[in-house]
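Everything below belongs to structure.txt, which stores compact mmCIF, C-alpha atoms.
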# COMPACT_ATOMS: atom_id res chain seq x y z
CA MET P 1 15.20 -9.83 -1.02
CA ASN P 2 16.24 -12.22 -3.77
CA LEU P 3 13.45 -12.62 -6.31
CA GLU P 4 15.03 -15.79 -7.67
CA ASN P 5 14.45 -17.40 -4.28
CA ILE P 6 10.85 -16.20 -4.25
CA PHE P 7 10.12 -17.87 -7.57
CA GLU P 8 12.08 -21.01 -6.77
CA GLY P 9 9.83 -24.05 -6.90
CA ILE P 10 6.93 -22.08 -8.36
CA LEU P 11 5.57 -22.76 -11.83
CA ALA P 12 6.38 -19.45 -13.48
CA ASN P 13 7.26 -20.42 -17.03
CA VAL P 14 5.84 -18.07 -19.64
CA SER P 15 4.86 -19.54 -22.98
CA GLU P 16 6.62 -18.25 -26.07
CA GLU P 17 3.27 -17.07 -27.39
CA LYS P 18 2.63 -14.98 -24.27
CA ALA P 19 6.18 -13.66 -24.15
CA ASP P 20 5.93 -12.63 -27.80
CA MET P 21 2.67 -10.78 -27.11
CA TYR P 22 4.24 -8.93 -24.18
CA ARG P 23 7.25 -7.94 -26.30
CA LYS P 24 5.28 -6.77 -29.32
CA GLY P 25 2.58 -5.01 -27.34
CA MET P 26 -0.81 -3.70 -28.44
CA ASN P 27 -2.71 -0.42 -28.47
CA ARG P 28 -4.89 0.99 -25.72
CA LYS P 29 -8.17 0.16 -27.49
CA GLU P 30 -7.21 -3.50 -27.97
CA ALA P 31 -6.24 -3.82 -24.31
CA ALA P 32 -9.42 -2.14 -23.05
CA LEU P 33 -11.63 -4.34 -25.24
CA LYS P 34 -9.90 -7.49 -24.01
CA LEU P 35 -10.37 -6.42 -20.39
CA ILE P 36 -14.02 -5.52 -20.92
CA GLU P 37 -14.55 -9.02 -22.32
CA LEU P 38 -13.39 -10.39 -18.96
CA ILE P 39 -16.04 -8.55 -16.98
CA LYS P 40 -18.99 -7.98 -19.33
CA ASP P 41 -20.70 -11.30 -18.59
CA ASN P 42 -20.34 -10.94 -14.82
CA GLY P 43 -22.11 -7.68 -14.06
CA ASN P 44 -19.09 -5.61 -15.11
CA GLU P 45 -16.93 -7.35 -12.57
CA SER P 46 -14.82 -10.49 -12.48
CA ILE P 47 -13.03 -12.33 -9.69
CA LEU P 48 -9.39 -13.16 -10.41
CA ILE P 49 -7.90 -16.06 -8.47
CA LYS P 50 -4.26 -16.94 -7.81
CA SER P 51 -3.53 -20.57 -8.68
CA ARG P 52 -0.97 -21.00 -5.92
CA ASP P 53 -3.09 -20.18 -2.89
CA GLY P 54 -6.55 -19.17 -4.05
CA GLU P 55 -6.21 -15.51 -3.09
CA GLU P 56 -8.82 -13.40 -4.90
CA ALA P 57 -9.02 -9.87 -6.29
CA ARG P 58 -11.87 -8.13 -8.09
CA LEU P 59 -11.48 -6.73 -11.59
CA SER P 60 -14.06 -3.99 -12.16
CA LYS P 61 -14.72 -1.25 -14.69
CA ASN P 62 -12.75 1.10 -12.47
CA SER P 63 -9.88 -1.39 -12.50
CA VAL P 64 -9.93 -1.51 -16.30
CA ASN P 65 -9.84 2.28 -16.56
CA LYS P 66 -6.98 2.43 -14.08
CA LEU P 67 -4.92 -0.25 -15.83
CA VAL P 68 -4.94 1.57 -19.18
CA SER P 69 -4.74 5.10 -17.75
CA GLU P 70 -1.93 7.48 -18.66
CA THR P 71 -0.71 7.45 -15.06
CA SER P 72 -0.33 3.68 -15.10
CA VAL P 73 1.31 3.66 -18.54
CA LYS P 74 3.78 6.34 -17.46
CA LYS P 75 5.20 4.09 -14.74
CA SER P 76 6.06 1.40 -17.27
CA VAL P 77 7.47 3.95 -19.72
CA ASN P 78 9.61 5.47 -16.97
CA ASN P 79 10.96 1.97 -16.33
CA GLY P 80 12.18 1.81 -19.93
CA PHE P 81 9.32 -0.01 -21.65
CA ALA P 82 7.03 0.97 -24.50
CA ALA P 83 3.44 2.05 -23.89
CA ALA P 84 2.30 -0.77 -26.21
CA GLN P 85 4.03 -3.29 -23.96
CA HIS P 86 2.23 -1.87 -20.94
CA PHE P 87 -1.13 -2.30 -22.67
CA ALA P 88 -0.23 -5.91 -23.52
CA ILE P 89 0.44 -6.88 -19.91
CA ALA P 90 -2.58 -4.92 -18.68
CA SER P 91 -4.77 -6.88 -21.12
CA ASP P 92 -3.50 -10.15 -19.63
CA ILE P 93 -3.95 -9.18 -15.97
CA ASP P 94 -6.09 -12.25 -15.21
CA ASN P 95 -3.35 -14.64 -16.31
CA LEU P 96 -0.59 -12.60 -14.67
CA PHE P 97 -2.38 -12.35 -11.33
CA ARG P 98 -3.16 -16.09 -11.48
CA ASN P 99 0.56 -16.89 -11.75
CA SER P 100 1.88 -14.15 -9.49
CA VAL P 101 3.69 -14.29 -6.17
CA LYS P 102 2.94 -11.85 -3.36
CA VAL P 103 6.10 -10.02 -2.25
CA LEU P 104 4.89 -7.20 -0.01
CA ILE P 105 2.04 -5.84 2.10
CA HIS P 106 2.01 -2.20 3.13
CA ALA P 107 -0.28 0.48 4.49
CA ASP P 108 -1.89 3.11 2.31
CA ARG P 109 0.56 5.97 1.84
CA ASN P 110 -2.21 8.53 2.29
CA ASN P 111 -3.45 6.85 5.47
CA ASP P 112 -6.92 6.50 3.95
CA PRO P 113 -9.11 5.00 6.72
CA ASN P 114 -11.10 3.14 4.06
CA VAL P 115 -8.02 1.23 2.86
CA VAL P 116 -7.03 -1.85 4.84
CA ALA P 117 -3.79 -2.56 2.97
CA MET P 118 -1.95 -2.50 -0.34
CA HIS P 119 -0.77 -5.87 -1.62
CA ARG P 120 2.09 -6.19 -4.13
CA PHE P 121 2.53 -9.14 -6.49
CA VAL P 122 5.13 -10.10 -9.09
CA ALA P 123 4.56 -12.16 -12.25
CA LEU P 124 7.32 -13.11 -14.69
CA LEU P 125 7.09 -11.85 -18.27
CA PHE P 126 9.95 -12.15 -20.79
CA GLY P 127 13.68 -11.99 -20.34
CA ASN P 128 14.57 -10.48 -16.98
CA ASN P 129 11.34 -8.50 -16.73
CA ALA P 130 8.22 -8.75 -14.63
CA ALA P 131 4.77 -7.34 -14.02
CA TYR P 132 4.47 -5.56 -10.67
CA ILE P 133 0.80 -5.75 -9.68
CA THR P 134 -0.88 -3.72 -6.96
CA VAL P 135 -4.10 -4.84 -5.28
CA LYS P 136 -5.92 -2.40 -3.02
CA GLU P 137 -7.84 -3.87 -0.10
CA ALA P 138 -10.70 -1.63 1.05
CA THR P 139 -12.90 -2.00 4.10
CA GLU P 140 -16.11 -2.33 2.08
CA GLN P 141 -15.14 -3.52 -1.42
CA GLY P 142 -12.42 -5.95 -0.36
CA LYS P 143 -9.44 -6.57 -2.67
CA ARG P 144 -9.46 -5.20 -6.20
CA ILE P 145 -6.88 -4.88 -8.96
CA TYR P 146 -5.46 -1.37 -8.70
CA SER P 147 -2.49 -1.08 -11.06
CA VAL P 148 0.25 -2.87 -12.96
CA GLU P 149 3.61 -1.81 -14.32
CA LEU P 150 6.46 -3.41 -16.23
CA ILE P 151 9.73 -3.46 -14.36
CA GLU P 152 13.13 -5.08 -14.69
CA LEU P 153 13.70 -7.68 -11.96
CA GLY P 154 16.97 -6.13 -10.83
CA LYS P 155 15.29 -2.76 -10.31
CA LEU P 156 12.39 -4.37 -8.47
CA GLU P 157 14.80 -6.22 -6.20
CA GLY P 158 16.40 -2.88 -5.38
CA ILE P 159 13.02 -1.34 -4.55
CA LEU P 160 12.08 -4.22 -2.26
CA ASN P 161 15.49 -4.21 -0.55
CA GLU P 162 15.21 -0.45 -0.03
CA THR P 163 11.82 -1.01 1.57
CA ARG P 164 13.38 -3.62 3.81
CA LEU P 165 16.12 -1.22 4.88
CA LYS P 166 13.63 1.56 5.58
CA SER P 167 11.72 -0.73 7.88
CA SER P 168 14.76 -2.11 9.70
CA SER P 169 14.92 0.59 12.38
CA ASN P 170 12.57 -1.27 14.73
CA PRO P 171 14.31 -4.21 16.43
CA ALA P 172 11.04 -5.45 17.95
CA SER P 173 9.75 -6.90 14.68
CA SER P 174 8.08 -10.30 14.82
CA LEU P 175 8.93 -10.99 11.18
CA PRO P 176 11.69 -13.56 10.60
CA THR P 177 13.85 -11.49 8.24
CA HIS P 178 12.27 -8.07 7.93
CA ASN P 179 11.79 -5.52 10.67
CA ILE P 180 8.71 -3.32 10.88
CA ASP P 181 8.54 0.44 10.76
CA PHE P 182 5.53 1.28 12.92
CA PHE P 183 2.93 3.95 12.25
CA SER P 184 3.23 7.04 14.38
CA GLU P 185 0.87 6.29 17.27
CA LYS P 186 -1.27 9.37 16.85
CA ASN P 187 -4.44 7.46 17.59
CA ASN P 188 -5.57 3.96 18.52
CA LYS P 189 -7.17 3.37 15.12
CA THR P 190 -3.89 3.86 13.30
CA THR P 191 -2.07 1.62 15.77
CA GLU P 192 -4.69 -1.13 15.42
CA SER P 193 -4.40 -0.91 11.64
CA SER P 194 -0.63 -1.29 11.83
CA GLN P 195 -0.84 -4.28 14.15
CA MET P 196 -3.40 -5.96 11.91
CA LEU P 197 -1.21 -5.58 8.83
CA GLN P 198 1.84 -6.82 10.74
CA GLU P 199 -0.05 -9.97 11.60
CA LYS P 200 -1.15 -10.45 7.97
CA ALA P 201 2.44 -10.10 6.80
CA ARG P 202 3.77 -12.39 9.52
CA LYS P 203 1.35 -15.19 8.59
CA GLN P 204 2.42 -14.97 4.94
CA ASN P 205 6.12 -14.58 5.75
CA LEU P 206 6.19 -11.25 3.91
CA PRO P 207 7.87 -7.91 4.63
CA TYR P 208 5.54 -5.27 5.99
CA PHE P 209 6.13 -1.58 6.46
CA ALA P 210 3.90 1.29 7.47
CA THR P 211 4.43 4.59 5.74
CA LYS P 212 4.83 7.69 7.87

Show how you would write the structure in this file as C-alpha cells.
Amino acid sequence: MNLENIFEGILANVSEEKADMYRKGMNRKEAALKLIELIKDNGNESILIKSRDGEEARLSKNSVNKLVSETSVKKSVNNGFAAAQHFAIASDIDNLFRNSVKVLIHADRNNDPNVVAMHRFVALLFGNNAAYITVKEATEQGKRIYSVELIELGKLEGILNETRLKSSSNPASSLPTHNIDFFSEKNNKTTESSQMLQEKARKQNLPYFATK
C-alpha cells in the first residue's frame, strides 16, 4: 500500500502554523482543555465530520480521556516522538479527522460482540509524519474517536503492507487488491460479522482483515 497514492488528489496541505504547533507540542493540561472546549457546549459530546465524504465520529469525554492517556502517549513515544507532540495532535483531533483518509477497516482484536468494526484513518502532519487515528464503531454508540498516535509514513506503510500480507492467504477475496483473512467460523454470529465488514471494506475499496 503506497500512502502517496492514497493522498494523491486529496487536499492534505498542512499550514505552517499547524505544522509548527505539531512540532513544538504542548502539555497534557493544555491539550485536555482544548478538547473539552470542543465538547462542553454540546452535552459533553461533539460530532466530527470528514470533509471528503461526510463520515462522522463522536468525540466524547471518554474519547478525550483516551486521547491524552498514558497508553495513547506511549504509542507515539515508542514511534520516536515526544509526549508534547502527541498532546498537540490529540488537541487538534477535529481538524485532523476532518482532513483524514480512511486506510483500513478491521474487526475488534478481542472479538467483542459489542464492537462492529475498527476504522483506521491517516492525516498528514509535518515532514514525513502522520497522525494514525482509530475510530471504534459500536453496536449502540456508533462510531467514536478511540485513539491517535504519531507515526512516520514509511513505518505506517510497512504496517499496512504487513496487514495486507497477513490477509493474503485467502484467494476467494472479493477485494480488488487485498485478500481477506476470514474469522474462524466458530459460530454464525462471527461469520456474519466478518461478511458484513468485508462488504463495508469492498464498497470503500479498502483492505479488510479479521483477526484470529

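When only C-alpha atoms are used to measure the gap to Ala32 of chain P, the shortest distance among P:Ser60, P:Ser91, P:Ser15, P:Thr71 belongs to P:Ser91.
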
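Computed from the coordinates, the atom CA of Ile151 of chain P to atom CA of Ala131 of chain P distance equals 6.3 Å.
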
Determine, counting only C-alpha atoms, which protein, DNA and RNA residues have an atom within 8 Å of an atom of segment 110-121 of chain P; residues of the same chain fewer than 5 positions away are not included. Present the result as number ranges by chain.
P: 97, 100-105, 132-140, 193, 197

Pick out the residues sitting within 9 Å of Ile47 of chain P, and hand them over as a ChimeraX atom specification; count only C-alpha atoms, and ignore anything fewer than 2 positions along from it in its own chain.
/P:39,45,49,56-60,94,144

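Using all atoms listed in the file, the shortest contact distance between Lys29 of chain P and any of P:Leu96, P:Ser46, P:Gln141, P:Ala84 is found at P:Ala84.
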
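For the residues P:Val14, P:Asn62, P:Arg52, P:Val73, ranking by smallest atom-to-atom distance to Arg28 of chain P using all atoms listed in the file places P:Val73 first.
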
Figure out the distance between atom CA of Val148 of chain P and atom CA of Phe87 of chain P, please, to one decimal in Å.
9.8 Å

Length of the atom CA of Gly25 of chain P to atom CA of His86 of chain P vector [Å]:
7.1 Å
